[in-house]
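Colleague: The structure under discussion is supplied below as structure tokens; questions concerning it will follow.
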There are 2 protein chains.
Amino acid sequence: MKMHNPPHPGEILRELCIEPLGLSITEVAEALGITRKTLSSILNGRSGISPEMAVRLSLAFGTSSESWLNQQSQYDLWAAEKKRKELKVKKLSAA
Amino acid sequence: MKMHNPPHPGEILRELCIEPLGLSITEVAEALGITRKTLSSILNGRSGISPEMAVRLSLAFGTSSESWLNQQSQYDLWAAEKKRKELKVKKLSAA
DNA sequence: CAAAGTGTAACTTATAACGTTACAGGTTAC
DNA sequence: GTAACCTGTAACGTTATAAGTTACACTTTG
């Protein structure tokens, strides 16, 4: 019930992890073991954070993989909830 | 840190929502607005619960979409965490 | 200016969710 | 036992997305 247009996780990654440490995208991508492009896509909200990427972020930044993946879930769910009214679903109860 | 081989969400869906209400897969699929095949894939763990599916389940069973998607995330993360040691990621700190 | 590094866009590939159709096995009802 | 229904699954196509490879534009530095 907290629909506040959550920022995409890439934004959080950039502002809370990369910028504070003064790191470049190139060195972060290398540390994560992914390409610059893949990281760029995440930072700009064109890609989401996959479960494996959540573990990579966890390893690189010492955070929990769960928190990264949950942020992604909340973001995806916010997008899906916007279409709630368009879904033709019938309420179910005991047969 | 709670790695207990979580059940896939389809199992929970079957045991907590479908069986207690005495519903058939056919009628649940129709109510959700999806095909029997799609529901069958979820129940047997061959497909995950997408964000939109979480909203559909929420509408049909009166639960929260968040809880469904979180269950899926935990399940996906459990699978990803098993490969944590194989990932070549370097720890990052200030430049 | 030239060279190196950085960010990003195109293009390609792989995987996954979902639908359509069809088939096989199992219940239940008449 | 035959008909009707439920369930699972397989083959196929569509669409979406994560990720890599390549290439281009914009710095910054020598």
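Simple scheme: letters A, B, ... for chains in structure tokens order, numbers from 1 for residues in each chain, numbers from 1 for ligands in the order shown.
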Set out as JSON lines a contact list for chain A and chain B with a cut-off of 8 Å, giving each residue of chain A that qualifies its closest atom pair and distance in Å to one decimal, counting only C-alpha atoms, ordered by chain and rising residue number.

Modeller:
{"residue": "A:Pro20", "atom": "CA", "partner": "B:Ala94", "partner_atom": "CA", "distance": 7.9}
{"residue": "A:Leu21", "atom": "CA", "partner": "B:Ala94", "partner_atom": "CA", "distance": 4.3}
{"residue": "A:Gly22", "atom": "CA", "partner": "B:Ala95", "partner_atom": "CA", "distance": 5.9}
{"residue": "A:Leu23", "atom": "CA", "partner": "B:Ala95", "partner_atom": "CA", "distance": 6.0}
{"residue": "A:Val28", "atom": "CA", "partner": "B:Leu92", "partner_atom": "CA", "distance": 7.7}
{"residue": "A:Ala31", "atom": "CA", "partner": "B:Lys90", "partner_atom": "CA", "distance": 4.8}
{"residue": "A:Leu32", "atom": "CA", "partner": "B:Val89", "partner_atom": "CA", "distance": 4.8}
{"residue": "A:Gly33", "atom": "CA", "partner": "B:Val89", "partner_atom": "CA", "distance": 5.7}
{"residue": "A:Pro51", "atom": "CA", "partner": "B:Leu77", "partner_atom": "CA", "distance": 5.5}
{"residue": "A:Glu52", "atom": "CA", "partner": "B:Ala80", "partner_atom": "CA", "distance": 5.3}
{"residue": "A:Val55", "atom": "CA", "partner": "B:Arg84", "partner_atom": "CA", "distance": 6.6}
{"residue": "A:Arg56", "atom": "CA", "partner": "B:Val89", "partner_atom": "CA", "distance": 6.4}
{"residue": "A:Leu59", "atom": "CA", "partner": "B:Lys91", "partner_atom": "CA", "distance": 6.3}
{"residue": "A:Ala60", "atom": "CA", "partner": "B:Lys91", "partner_atom": "CA", "distance": 4.1}
{"residue": "A:Phe61", "atom": "CA", "partner": "B:Leu92", "partner_atom": "CA", "distance": 5.8}
{"residue": "A:Gly62", "atom": "CA", "partner": "B:Lys91", "partner_atom": "CA", "distance": 7.5}
{"residue": "A:Ser65", "atom": "CA", "partner": "B:Leu77", "partner_atom": "CA", "distance": 7.8}
{"residue": "A:Glu66", "atom": "CA", "partner": "B:Leu77", "partner_atom": "CA", "distance": 7.2}
{"residue": "A:Leu69", "atom": "CA", "partner": "B:Ser73", "partner_atom": "CA", "distance": 6.9}
{"residue": "A:Asn70", "atom": "CA", "partner": "B:Ser73", "partner_atom": "CA", "distance": 7.2}
{"residue": "A:Ser73", "atom": "CA", "partner": "B:Leu69", "partner_atom": "CA", "distance": 6.9}
{"residue": "A:Gln74", "atom": "CA", "partner": "B:Glu66", "partner_atom": "CA", "distance": 7.7}
{"residue": "A:Asp76", "atom": "CA", "partner": "B:Pro51", "partner_atom": "CA", "distance": 6.3}
{"residue": "A:Leu77", "atom": "CA", "partner": "B:Pro51", "partner_atom": "CA", "distance": 5.4}
{"residue": "A:Ala80", "atom": "CA", "partner": "B:Glu52", "partner_atom": "CA", "distance": 5.3}
{"residue": "A:Glu81", "atom": "CA", "partner": "B:Val55", "partner_atom": "CA", "distance": 6.6}
{"residue": "A:Arg84", "atom": "CA", "partner": "B:Val55", "partner_atom": "CA", "distance": 6.6}
{"residue": "A:Leu87", "atom": "CA", "partner": "B:Arg56", "partner_atom": "CA", "distance": 7.2}
{"residue": "A:Lys88", "atom": "CA", "partner": "B:Gly33", "partner_atom": "CA", "distance": 6.2}
{"residue": "A:Val89", "atom": "CA", "partner": "B:Leu32", "partner_atom": "CA", "distance": 4.9}
{"residue": "A:Lys90", "atom": "CA", "partner": "B:Ala31", "partner_atom": "CA", "distance": 4.8}
{"residue": "A:Lys91", "atom": "CA", "partner": "B:Ala60", "partner_atom": "CA", "distance": 4.1}
{"residue": "A:Leu92", "atom": "CA", "partner": "B:Ala60", "partner_atom": "CA", "distance": 5.2}
{"residue": "A:Ser93", "atom": "CA", "partner": "B:Leu21", "partner_atom": "CA", "distance": 6.5}
{"residue": "A:Ala94", "atom": "CA", "partner": "B:Leu21", "partner_atom": "CA", "distance": 4.3}
{"residue": "A:Ala95", "atom": "CA", "partner": "B:Gly22", "partner_atom": "CA", "distance": 5.9}

Colleague: What are the closest atom pairs, with distances in Å to one decimal, for all residues of chain A lying within 8 Å of chain D? Consider only C-alpha atoms (C1' of nucleotides), order rows by chain and residue number, and present the result as a Markdown table.

Modeller:
| residue | atom | partner | partner_atom | distance |
| --- | --- | --- | --- | --- |
| A:Thr35 | CA | D:DG20 | C1' | 7.5 |
| A:Thr38 | CA | D:DA19 | C1' | 6.6 |
| A:Ser47 | CA | D:DA18 | C1' | 7.1 |
| A:Ser50 | CA | D:DA18 | C1' | 7.7 |

Colleague: Would you compute the distance between atom CA of A:Ser67 and atom CA of B:Glu86? Give it in Å to one decimal.

Modeller: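 We find that atom CA of A:Ser67 and atom CA of B:Glu86 lie 20.7 Å from each other.
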
Colleague: Using only C-alpha atoms (C1' of nucleotides) and a cut-off of 10 Å, which residues of chain C sit close to chain A? Please list them as an NGL selection string.

Modeller: :C and (5-9)

Colleague: Select from chain B everything DSSP, run on the backbone, classes as alpha helix (DSSP H), then give the selection as a PyMOL selection string.

Modeller: chain B and resi 9-12+19-21+25-32+36-43+51-61+65-81

Colleague: Atom CA of B:Leu39 and atom C1' of C:DA29, how far apart in Å?

Modeller: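 That distance, rounded to one decimal, is 26.9 Å.
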